[in-house]
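Enquirer: Pasting a structure below so you can have a look.
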Amino acid sequence: MVVGMAQATATAVSDFSLLSKRIQQAGLLDRRPRYYLIRISAVTAAYLAGAAAFLWLGDSWLQLLLAVYFAIVFAQVALVLHDLAHRQVFASRRPSEILGRLGGNLAIGLGYGWWMNKHTRHHANPNHEELDPDVAPDVLVWSQEQARKARGLARLIGGRQAFLLYPLLLLEGLNLHVGGVRALRQPWMKQRVLEGVLLFAHFASYLGVLAWTLSPGKALAFFAVHQGLFGVYMGCVFAPGHKGMPTLTGAAKLDFLRKQVLTTRNVRGGRFTDIAMGGLNYQIEHHLFPNMPTPNLRLAQPIVQAHCRQLRLPYHEVSFVASHGEALRHLHRAGAPLREKDRS
């Protein structure tokens with residue numbers, strides 16, 4: 001029995017080792033400095049151009065168009081931060097953290113240290129109900145077992161959560177800001193003073209410029225449109241990768257390859273999808289090789305697909321619309337126990 005378990009473990013390890021060897025031989029883990037120079041320069045230019053346009057327009061309702069524009073730009077900055085956190089851009093930690101805190105905390109008010117801690121735990125145990133913070137039963141429930149134990153807000157809205165998902169995403173931008181601030185009190189947080197100074201410098205400058213440039217009504221409208229659409233964009237980019245895929249509990253006995261592939265979904269699309277989702281439409285490849293530069297994920301996909309076929313391992317890829325449909329149906333099923341309680 002022990003020998004059989006050892007052989008199974010060795011086989012599972014060799015399954016991923018063989019895939020990793022193929023990826024390395026193809027050079028797909030090599031850095032892409034030119035790509036990131038162009039991408040970071042383009043995102044920075046878009047940010048600065050938007051700021052200049054904001055000041056030029058002044059107290060005008062046309063600023064609401066810029067609010068939409070800035071929702072897209074903030075999301076694109078966040079996607080660059082994602083790559084920095086995974087060390088896809090720089091090999092060493094220091095330049096990644098410097099640029100990450102400047103782009104995250106200062107430029108868009110997203111706590112880099114908080115997000116990196118949260119996202120690292122997600123990658124280690126994707127869709128694990130006890131270990132992945134992204135499927136913790138906070139506002140939404142992700143399984144019927146979570147629904148049966150739900151309390152507070154999750155208990156209140158869980159039965160109808162599939163219908164409330166997109167309205168709730170309007171608040172996700174604010175939730176990301178609040179998460180970074182709350183983390184400043186956590187003992188695991190590194191560089192708390194620096195992160196706090198940069199975060200509050202962003203909040204002060206953002207709100208100050210709105211108040212100085214726009215009338216109160218226009219400033220409030222700009223804030224609502226910008227932060228609401230920023231949250232929707234972020235939710236629509238990150239949700240398709242795992243929401244609606246199988247969740248794990250307890251001591252799930254899956255090796256690294258199967259744990260990542262079976263809980264993850266790819267989104268089918270072309271170059272526009274690659275840019276809009278920052279490469280996270282190749283979520284399976286990203287989870288298997290988190291430090292792989294974004295432009296290499298598309299090139300890695302055929303290798304990963306062939307390897308999964310060889311192992312008869314399900315590889316799930318659907319369109320963007322279908323991915324959201326699967327997520328919504330899953331949320332509706334997960335909330336069933338709460339609807340039954342409401343009827344009883």
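Every chain in the structure tokens takes a letter, A first, then B, and so on in the order presented; its residues are numbered from 1, and the ligands are numbered from 1 following the presented order.
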Could you please write out, as a PyMOL selection string, every residue of segment 32-200 of chain A that DSSP assigns to alpha helix (DSSP H)?
Expert: chain A and resi 33-57+63-85+93-101+112-124+144-148+152-157+161-169+172-182+192-200
Enquirer: Please identify every residue of segment 63-165 of chain A that has at least one atom no farther than 9 Å from an atom of segment 327-333 of chain A, counting only C-alpha atoms, and for each give the shortest atom pair and the distance in Å to one decimal, arranged by chain then increasing number, as a Markdown table.
Expert:
| residue | atom | partner | partner_atom | distance |
| --- | --- | --- | --- | --- |
| A:Leu140 | CA | A:Leu331 | CA | 8.2 |
| A:Val141 | CA | A:Leu331 | CA | 7.3 |
| A:Trp142 | CA | A:Leu331 | CA | 6.3 |
| A:Ser143 | CA | A:Leu331 | CA | 7.8 |
| A:Gln144 | CA | A:Arg333 | CA | 7.4 |
| A:Gly158 | CA | A:Leu331 | CA | 8.4 |
| A:Gly159 | CA | A:His332 | CA | 7.2 |
| A:Arg160 | CA | A:His332 | CA | 7.1 |
| A:Gln161 | CA | A:Leu331 | CA | 6.6 |
| A:Ala162 | CA | A:Leu328 | CA | 5.2 |
| A:Phe163 | CA | A:Leu328 | CA | 8.0 |
| A:Leu165 | CA | A:Leu328 | CA | 8.0 |
Enquirer: Residues at most 10 Å from segment 193-205 of chain A, counting only C-alpha atoms, excluding those fewer than 4 positions away in the same chain, as a PyMOL selection string?
Expert: chain A and resi 101-114+177+180-181+183-185+189+209-211
Enquirer: For the selection you just gave me, I'd like the residues written to a file as a JSON list (two decimals), in the first residue's frame, keeping N, CA and C atoms.
Expert:
[["chain", "number", "residue", "atom", "x", "y", "z"],
["A", 101, "ARG", "N", 4.51, 49.33, -5.56],
["A", 101, "ARG", "CA", 3.93, 50.27, -4.58],
["A", 101, "ARG", "C", 3.65, 51.64, -5.20],
["A", 102, "LEU", "N", 4.50, 52.07, -6.12],
["A", 102, "LEU", "CA", 4.25, 53.35, -6.79],
["A", 102, "LEU", "C", 3.00, 53.25, -7.67],
["A", 103, "GLY", "N", 2.91, 52.17, -8.44],
["A", 103, "GLY", "CA", 1.77, 51.99, -9.33],
["A", 103, "GLY", "C", 0.50, 51.63, -8.59],
["A", 104, "GLY", "N", 0.63, 50.81, -7.54],
["A", 104, "GLY", "CA", -0.54, 50.35, -6.80],
["A", 104, "GLY", "C", -1.01, 51.35, -5.77],
["A", 105, "ASN", "N", -0.21, 51.53, -4.72],
["A", 105, "ASN", "CA", -0.62, 52.40, -3.62],
["A", 105, "ASN", "C", -0.80, 53.85, -4.05],
["A", 106, "LEU", "N", 0.20, 54.39, -4.76],
["A", 106, "LEU", "CA", 0.18, 55.82, -5.08],
["A", 106, "LEU", "C", -0.70, 56.14, -6.29],
["A", 107, "ALA", "N", -0.59, 55.36, -7.37],
["A", 107, "ALA", "CA", -1.29, 55.71, -8.61],
["A", 107, "ALA", "C", -2.77, 55.36, -8.60],
["A", 108, "ILE", "N", -3.14, 54.19, -8.02],
["A", 108, "ILE", "CA", -4.55, 53.79, -8.09],
["A", 108, "ILE", "C", -5.16, 53.46, -6.73],
["A", 109, "GLY", "N", -4.40, 53.60, -5.64],
["A", 109, "GLY", "CA", -4.95, 53.36, -4.31],
["A", 109, "GLY", "C", -5.20, 51.91, -3.99],
["A", 110, "LEU", "N", -4.43, 51.02, -4.58],
["A", 110, "LEU", "CA", -4.55, 49.58, -4.34],
["A", 110, "LEU", "C", -3.33, 49.12, -3.55],
["A", 111, "GLY", "N", -3.55, 48.62, -2.33],
["A", 111, "GLY", "CA", -2.45, 48.22, -1.46],
["A", 111, "GLY", "C", -1.68, 47.03, -2.04],
["A", 112, "TYR", "N", -0.45, 47.28, -2.45],
["A", 112, "TYR", "CA", 0.35, 46.25, -3.11],
["A", 112, "TYR", "C", 0.65, 45.09, -2.16],
["A", 113, "GLY", "N", 1.08, 45.40, -0.94],
["A", 113, "GLY", "CA", 1.43, 44.34, 0.01],
["A", 113, "GLY", "C", 0.24, 43.50, 0.39],
["A", 114, "TRP", "N", -0.91, 44.13, 0.61],
["A", 114, "TRP", "CA", -2.14, 43.39, 0.95],
["A", 114, "TRP", "C", -2.55, 42.48, -0.19],
["A", 177, "HIS", "N", -9.87, 49.26, -2.23],
["A", 177, "HIS", "CA", -9.23, 50.34, -1.48],
["A", 177, "HIS", "C", -9.28, 50.05, 0.03],
["A", 180, "GLY", "N", -6.84, 47.33, 1.30],
["A", 180, "GLY", "CA", -5.48, 47.79, 1.48],
["A", 180, "GLY", "C", -5.29, 48.57, 2.76],
["A", 181, "VAL", "N", -6.28, 49.38, 3.13],
["A", 181, "VAL", "CA", -6.20, 50.17, 4.36],
["A", 181, "VAL", "C", -6.29, 49.26, 5.59],
["A", 183, "ALA", "N", -5.41, 46.25, 5.89],
["A", 183, "ALA", "CA", -4.21, 45.42, 6.02],
["A", 183, "ALA", "C", -3.06, 46.14, 6.71],
["A", 184, "LEU", "N", -3.13, 47.47, 6.79],
["A", 184, "LEU", "CA", -2.05, 48.21, 7.41],
["A", 184, "LEU", "C", -1.89, 47.87, 8.89],
["A", 185, "ARG", "N", -2.93, 47.31, 9.49],
["A", 185, "ARG", "CA", -2.88, 46.95, 10.91],
["A", 185, "ARG", "C", -2.43, 45.51, 11.13],
["A", 189, "MET", "N", 2.09, 42.45, 7.54],
["A", 189, "MET", "CA", 2.25, 43.48, 6.52],
["A", 189, "MET", "C", 3.66, 44.09, 6.59],
["A", 209, "VAL", "N", -8.27, 66.71, -5.94],
["A", 209, "VAL", "CA", -8.39, 67.18, -7.32],
["A", 209, "VAL", "C", -9.85, 67.21, -7.76],
["A", 210, "LEU", "N", -10.61, 66.20, -7.38],
["A", 210, "LEU", "CA", -12.04, 66.20, -7.71],
["A", 210, "LEU", "C", -12.74, 67.41, -7.09],
["A", 211, "ALA", "N", -12.48, 67.65, -5.79],
["A", 211, "ALA", "CA", -13.14, 68.76, -5.10],
["A", 211, "ALA", "C", -12.70, 70.12, -5.65]]
Enquirer: Show me, as a PyMOL selection string, the residues that have an atom within 7 Å of segment 230-236 of chain A when counting only C-alpha atoms, minus same-chain residues fewer than 4 positions from it.
Expert: chain A and resi 71-72+74-75+166+169-173+226+240
Enquirer: Could you save the residues just selected, with N, CA and C atoms, as a JSON list (two decimals), in the first residue's frame?
Expert:
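Heads up, here's the output in result-v9.json:
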[["chain", "number", "residue", "atom", "x", "y", "z"],
["A", 71, "ALA", "N", -11.50, 54.32, -15.44],
["A", 71, "ALA", "CA", -11.83, 52.98, -14.94],
["A", 71, "ALA", "C", -11.03, 51.93, -15.70],
["A", 72, "ILE", "N", -10.91, 52.12, -17.01],
["A", 72, "ILE", "CA", -10.13, 51.21, -17.84],
["A", 72, "ILE", "C", -8.65, 51.33, -17.54],
["A", 74, "PHE", "N", -7.15, 52.45, -14.76],
["A", 74, "PHE", "CA", -6.85, 51.91, -13.43],
["A", 74, "PHE", "C", -6.77, 50.38, -13.47],
["A", 75, "ALA", "N", -7.68, 49.77, -14.21],
["A", 75, "ALA", "CA", -7.67, 48.31, -14.31],
["A", 75, "ALA", "C", -6.42, 47.83, -15.03],
["A", 166, "TYR", "N", -23.44, 41.47, -10.43],
["A", 166, "TYR", "CA", -22.93, 42.65, -11.14],
["A", 166, "TYR", "C", -23.21, 43.96, -10.40],
["A", 169, "LEU", "N", -20.52, 44.15, -7.91],
["A", 169, "LEU", "CA", -19.21, 44.49, -8.48],
["A", 169, "LEU", "C", -19.02, 46.00, -8.60],
["A", 170, "LEU", "N", -20.09, 46.76, -8.62],
["A", 170, "LEU", "CA", -19.97, 48.21, -8.63],
["A", 170, "LEU", "C", -19.28, 48.72, -7.36],
["A", 171, "LEU", "N", -19.30, 47.90, -6.32],
["A", 171, "LEU", "CA", -18.66, 48.28, -5.05],
["A", 171, "LEU", "C", -17.27, 47.67, -4.90],
["A", 172, "GLU", "N", -16.85, 46.85, -5.86],
["A", 172, "GLU", "CA", -15.58, 46.14, -5.73],
["A", 172, "GLU", "C", -14.39, 47.09, -5.73],
["A", 173, "GLY", "N", -14.46, 48.18, -6.49],
["A", 173, "GLY", "CA", -13.37, 49.14, -6.48],
["A", 173, "GLY", "C", -13.13, 49.70, -5.09],
["A", 226, "HIS", "N", -16.48, 56.30, -12.00],
["A", 226, "HIS", "CA", -15.12, 55.78, -12.06],
["A", 226, "HIS", "C", -14.93, 54.56, -11.17],
["A", 240, "PRO", "N", -13.80, 35.10, -14.22],
["A", 240, "PRO", "CA", -13.91, 33.96, -15.13],
["A", 240, "PRO", "C", -12.89, 32.86, -14.89]]
Enquirer: How far is it from atom CA of Arg312 of chain A to atom CA of Leu29 of chain A, in Å with one decimal?
Expert: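 So the two atoms, atom CA of Arg312 of chain A and atom CA of Leu29 of chain A, lie 25.1 Å apart.
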